[in-house]
Amino acid sequence: EPPKAGADSRALLKNAEKLDPKKVANLSIVWAQVQGHPFWPAQIISEEDREKHCGNISHSKSADAAVQFFGTGDHQWLSQNRILDWKEGIGRGLHLKTIKRRWFAGALEDVIACVKSGGAADSYPVGWWCGEDSESEEEESEAESEEEGE
């Protein structure tokens, strides 16, 4: 039986359930699990950005997917057997089991905002691997490199 949630939590859960699975999949939003923790909403980091954001995180050879977790912003390398697509996770009730955990409601809110915006850079949380501030950091380091080269 799902936890007794307040009115806001119930609305949040319904909104998470109503997300279009195709839109969620197009944004590489999944359920990911670090050993010893519950499944959590995450986004798979694109191959071209893995080294930049997760290159210094040690991981086993079987961990072939880099993710960033909604709600906490943590990065992690995981093997594919620790990742479920959004629709399957909703079907398993993963969003119901974790609603009372700290940061989880915020994680769901972030997912909903990203999906509703179509993945617009400004819809991601601050510090997100592909968010608005990610681009400005790249531009700053390019500008610094150009100044050093002069």
# chains A, B, ... in the order shown; residues from 1 in each chain; ligands from 1
call {"tool": "select_by_dssp", "arguments": {"residues": "segment 77-132 of chain A", "states": "strand (DSSP E)", "output": "VMD selection string"}}
result
chain A and resid 77 to 78 83 to 85
call {"tool": "write_last_selection", "arguments": {"atoms": "C-alpha atoms", "output": "tab-separated table (two decimals), in the first residue's frame"}}
result
chain	number	residue	atom	x	y	z
A	77	TRP	CA	28.34	5.34	-13.20
A	78	LEU	CA	25.96	2.36	-13.26
A	83	ILE	CA	18.52	1.34	-14.83
A	84	LEU	CA	14.82	1.09	-15.71
A	85	ASP	CA	12.90	3.15	-18.23
call {"tool": "closest_residue", "arguments": {"among": "A:Ala66, A:Ile112, A:Ala32, A:Leu96", "to": "Arg82 of chain A", "atoms": "only C-alpha atoms"}}
result
A:Ala32
call {"tool": "residues_around", "arguments": {"residues": "Trp40 of chain A", "least_positions_apart": "6", "cutoff": "7 Å", "atoms": "only C-alpha atoms", "output": "PyMOL selection string"}}
result
chain A and resi 31-33+69
call {"tool": "closest_residue", "arguments": {"among": "A:Leu94, A:Val34, A:Leu13, A:Ala42", "to": "Phe70 of chain A", "atoms": "only C-alpha atoms"}}
result
A:Ala42
call {"tool": "atom_distance", "arguments": {"atom1": "atom CA of Val30 of chain A", "atom2": "atom CA of Arg10 of chain A"}}
result
20.8 Å
call {"tool": "decode", "arguments": {"residues": "segment 78-91 of chain A", "atoms": "N, CA and C atoms", "output": "compact mmCIF listing (two decimals), in the first residue's frame"}}
result
# COMPACT_ATOMS: atom_id res chain seq x y z
N LEU A 78 26.75 3.55 -13.60
CA LEU A 78 25.96 2.36 -13.26
C LEU A 78 25.97 1.37 -14.42
N SER A 79 25.74 0.11 -14.10
CA SER A 79 25.55 -0.88 -15.16
C SER A 79 24.08 -0.83 -15.59
N GLN A 80 23.81 -1.29 -16.79
CA GLN A 80 22.46 -1.21 -17.35
C GLN A 80 21.42 -1.94 -16.50
N ASN A 81 21.82 -2.96 -15.75
CA ASN A 81 20.84 -3.68 -14.92
C ASN A 81 20.39 -2.87 -13.71
N ARG A 82 20.96 -1.71 -13.51
CA ARG A 82 20.56 -0.81 -12.42
C ARG A 82 19.71 0.36 -12.94
N ILE A 83 19.28 0.25 -14.21
CA ILE A 83 18.52 1.34 -14.83
C ILE A 83 17.23 0.77 -15.43
N LEU A 84 16.12 1.46 -15.15
CA LEU A 84 14.82 1.09 -15.71
C LEU A 84 14.27 2.28 -16.48
N ASP A 85 13.52 2.01 -17.55
CA ASP A 85 12.90 3.15 -18.23
C ASP A 85 11.78 3.70 -17.35
N TRP A 86 11.41 4.93 -17.64
CA TRP A 86 10.46 5.65 -16.79
C TRP A 86 9.13 4.90 -16.66
N LYS A 87 8.60 4.47 -17.78
CA LYS A 87 7.29 3.81 -17.79
C LYS A 87 7.31 2.53 -16.93
N GLU A 88 8.36 1.75 -17.06
CA GLU A 88 8.47 0.52 -16.26
C GLU A 88 8.54 0.85 -14.77
N GLY A 89 9.30 1.88 -14.42
CA GLY A 89 9.42 2.29 -13.02
C GLY A 89 8.09 2.75 -12.44
N ILE A 90 7.33 3.52 -13.23
CA ILE A 90 6.00 3.95 -12.78
C ILE A 90 5.10 2.73 -12.62
N GLY A 91 5.18 1.79 -13.58
CA GLY A 91 4.39 0.56 -13.49
C GLY A 91 4.71 -0.25 -12.25
